[in-house]
Amino acid sequence: MGLKASDIKGIGLTNQRETLITWDSQTGRPLYPAILWSDTRTIDTVHRLAQQSDKGVDALKAICGLPLATYFTAVKLRWLLDHIPRVSQAQAQHRLRVGTVDTWLIYNLTGGCVHDGAYMTDVTNASRTMLMDLHTLRWSEEAIAFFGLQDIVLPRIASSSEIYGEIVEGSLAGVPLAGCLGDQQAALVGHQCFSVGEAKNTYGTGCFMLFNTGHQAVPSKNGLLTTVAYQWGSESPPTYALEGSIAVAGAAIGWLRDNLGVIQSTREVNRLASKVKNTAGVYFVTAFGGLLAPYWRSDARGTLCGITHFTRLEHICRAALEAVCYQSRALLDAMNKDSGSPLRVLKVDGGMSHSDLTMQIQADVLGIPVDRPQMRETTALGAAIAAGFALGIYKSKEDLPNGHSQQPQQDRTLFLPTIPATQRKKMVHGWQQAVQRSFGWANPATTVSTHDPIVLLKVH
């Protein structure tokens with residue numbers, strides 16, 4: 001772009017949330033491979049923790065806005081302490097340091113153990129650990145005690161937009177790190193969803209929908225998460241969001257390619273799916289490791305329903321695309337109920353949003369327009385905006401490129417619903433039936449006879 005390193009005024013960071021990294025404070029070296037957000041090996045830990053409270057999986061929801069699930073960081077840390085001796089030994093010797101990916105990166109970029117790097121996280125990442133009080137934006141003593149983490153040295157919680165330190169070496173030495181947001185919150189900022197009631201959906205390996213609720217942390221009654229959206233400086237009030245998370249979105253396409261070998265590339269799914277006008281009654285519930293919001297069923301497993309003698313690969317490919325659209329519809333229905341204000345337009349980004357077919361299916365399933373920007377790296381853009389506010393490059397929302405969420409028409413594509421409401425209702429009802437049939441497979445005690453679908457519905 002014709003720029004030099006010296007032209008860079010500051011750097012914003014965005015990262016995969018919930019993923020846990022542990023390291024030794026004396027050597028700076030990791031103690032164990034990172035445990036990803038989607039890792040489900042902690043399922044037994046979740047069940048054991050849920051039994052500690054008469055509220056079950058909602059034991060800490062009033063504090064942190066999250067249910068007990070394999071998804072969140074504190075559960076992963078408890079598992080490590082219980083199963084990995086070198087991690088528990090480091091804790092006993094007060095050498096253990098822990099963090100989400102942002103904490104690890106900032107610590108090392110600002111000096112690590114050699115130069116006393118900054119040990120911190122921002123409010124958006126902290127809100128995904130199950131350890132932060134949503135209302136005080138501080139670590140919760142009650143949550144820490146619940147997980148038995150009283151001896152853990154936790155990172156400092158900072159806002160999403162302030163100077164955390166400077167990079168210590170390399171061509172960017174001296175450049176300040178000035179913004180930090182978890183990836184899904186960064187995408188919300190990148191879309192400039194700064195007004196209450198605005199929402200975005202990111203289609204990546206998983207799929208994540210965030211709905212701005214303003215300065216009020218809205219507790220969900222419909223299976224969603226309450227999270228911090230962003231905070232511009234430590235003196236500013238936080239903005240909150242409702243979030244729905246889908247574990248498998250683009251990952252289903254990878255499964256068709258890598259596990260089944262029925263396609264050679266991800267683009268081939270789009271080509272095959274476009275050859276048929278519908279799935280011919282086939283539904284693909286991509287619950288490979290259970291279902292997240294709004295179902296929260298760790299016992300669900302991937303299920304193909306409605307296959308007949310005439311089903312072709314094209315129908316299954318289209319069903320794989322439709323799966324993420326139906327799950328997004330379930331999230332949006334829950335958000336509309338919790339917020340009391342139905343969403344009118346959904347802003348989208350991420351890898352699967354490049355597919356015109358998928359976005360058209362999404363508009364048809366939702367019954368509202370889907371708005372796709374030309375510049376779809378909204379996650380990186382959100383991190384840059386956070387840094388820009390911290391450095392004074394932007395003084396207000398109106399200073400941002402294109403103003404407050406006002407993009408010229410030529411810079412976006414709008415997908416409008418094209419099917420009647422009766423057809424949409426029938427399609428969604430079929431999906432709901434398929435989801436019901438995916439429940440119970442991970443627990444033999446609740447598995448029922450496949451010869452009696454009425455029993456399946458009664459049991460679940």
# chains A, B, ... in the order shown; residues from 1 in each chain; ligands from 1
$ residues_around --residues "Thr45 of chain A" --least-positions-apart "6" --cutoff "10 Å" --atoms "only C-alpha atoms" --output "PyMOL selection string"
chain A and resi 68-70+75-76+78-79+82
$ select_by_dssp --residues "segment 321-457 of chain A" --states "strand (DSSP E or B)" --output "PyMOL selection string"
chain A and resi 346-349+370-373+412-415
$ residues_around --residues "Asp356 of chain A" --least-positions-apart "5" --cutoff "9 Å" --atoms "only C-alpha atoms" --output "mmCIF file with C-alpha atoms, in the first residue's frame"
data_model
loop_
_atom_site.group_PDB
_atom_site.id
_atom_site.type_symbol
_atom_site.label_atom_id
_atom_site.label_comp_id
_atom_site.auth_asym_id
_atom_site.auth_seq_id
_atom_site.Cartn_x
_atom_site.Cartn_y
_atom_site.Cartn_z
ATOM 1 C CA ASN A 270 -21.953 -24.044 -3.553
ATOM 2 C CA ILE A 361 -31.243 -18.933 1.686
ATOM 3 C CA PHE A 415 -30.475 -10.046 -0.103
#
$ closest_atom_pairs --of "segment 156-177 of chain A" --to "segment 234-250 of chain A" --cutoff "10 Å" --atoms "only C-alpha atoms" --output "Markdown table"
| residue | atom | partner | partner_atom | distance |
| --- | --- | --- | --- | --- |
| A:Ile157 | CA | A:Ser234 | CA | 9.7 |
| A:Ala158 | CA | A:Ser234 | CA | 6.9 |
| A:Ser159 | CA | A:Ser234 | CA | 5.3 |
| A:Ser160 | CA | A:Ser234 | CA | 8.5 |
| A:Ser161 | CA | A:Ser234 | CA | 8.2 |
| A:Glu162 | CA | A:Ser234 | CA | 7.9 |
$ decode --residues "segment 116-157 of chain A" --atoms "C-alpha atoms" --output "PDB file, in the first residue's frame"
ATOM      1  CA  ASP A 116       7.807  -7.943  32.351  1.00  0.00           C
ATOM      2  CA  GLY A 117       5.150  -7.953  29.640  1.00  0.00           C
ATOM      3  CA  ALA A 118       1.645  -6.672  30.325  1.00  0.00           C
ATOM      4  CA  TYR A 119      -0.503  -9.405  31.882  1.00  0.00           C
ATOM      5  CA  MET A 120      -4.034  -8.323  30.975  1.00  0.00           C
ATOM      6  CA  THR A 121      -7.208  -9.002  29.063  1.00  0.00           C
ATOM      7  CA  ASP A 122     -10.070  -6.825  27.920  1.00  0.00           C
ATOM      8  CA  VAL A 123     -13.667  -6.847  29.126  1.00  0.00           C
ATOM      9  CA  THR A 124     -15.013  -8.650  26.052  1.00  0.00           C
ATOM     10  CA  ASN A 125     -12.658 -11.601  26.466  1.00  0.00           C
ATOM     11  CA  ALA A 126     -13.010 -11.615  30.248  1.00  0.00           C
ATOM     12  CA  SER A 127     -16.775 -11.838  29.829  1.00  0.00           C
ATOM     13  CA  ARG A 128     -16.297 -15.229  28.121  1.00  0.00           C
ATOM     14  CA  THR A 129     -14.402 -16.881  30.978  1.00  0.00           C
ATOM     15  CA  MET A 130     -17.332 -17.325  33.441  1.00  0.00           C
ATOM     16  CA  LEU A 131     -15.152 -15.537  36.026  1.00  0.00           C
ATOM     17  CA  MET A 132     -16.025 -11.872  35.424  1.00  0.00           C
ATOM     18  CA  ASP A 133     -18.988 -10.101  37.022  1.00  0.00           C
ATOM     19  CA  LEU A 134     -20.880  -8.512  34.117  1.00  0.00           C
ATOM     20  CA  HIS A 135     -22.025  -5.612  36.264  1.00  0.00           C
ATOM     21  CA  THR A 136     -18.779  -4.612  37.988  1.00  0.00           C
ATOM     22  CA  LEU A 137     -16.417  -5.677  35.152  1.00  0.00           C
ATOM     23  CA  ARG A 138     -14.177  -7.242  37.811  1.00  0.00           C
ATOM     24  CA  TRP A 139     -13.243 -10.831  38.614  1.00  0.00           C
ATOM     25  CA  SER A 140     -15.998 -12.369  40.739  1.00  0.00           C
ATOM     26  CA  GLU A 141     -14.846 -13.902  44.029  1.00  0.00           C
ATOM     27  CA  GLU A 142     -17.939 -16.093  44.049  1.00  0.00           C
ATOM     28  CA  ALA A 143     -17.245 -17.453  40.559  1.00  0.00           C
ATOM     29  CA  ILE A 144     -13.560 -17.986  41.367  1.00  0.00           C
ATOM     30  CA  ALA A 145     -14.501 -19.932  44.506  1.00  0.00           C
ATOM     31  CA  PHE A 146     -17.077 -21.990  42.597  1.00  0.00           C
ATOM     32  CA  PHE A 147     -14.359 -23.273  40.260  1.00  0.00           C
ATOM     33  CA  GLY A 148     -11.798 -23.607  43.059  1.00  0.00           C
ATOM     34  CA  LEU A 149      -9.404 -21.109  41.491  1.00  0.00           C
ATOM     35  CA  GLN A 150      -8.614 -18.989  44.572  1.00  0.00           C
ATOM     36  CA  ASP A 151      -4.829 -19.399  44.165  1.00  0.00           C
ATOM     37  CA  ILE A 152      -4.745 -18.464  40.471  1.00  0.00           C
ATOM     38  CA  VAL A 153      -3.158 -15.139  39.460  1.00  0.00           C
ATOM     39  CA  LEU A 154      -5.598 -13.734  36.900  1.00  0.00           C
ATOM     40  CA  PRO A 155      -4.752 -11.001  34.360  1.00  0.00           C
ATOM     41  CA  ARG A 156      -5.825  -7.400  34.853  1.00  0.00           C
ATOM     42  CA  ILE A 157      -9.125  -6.524  33.157  1.00  0.00           C
TER      43      ILE A 157
END
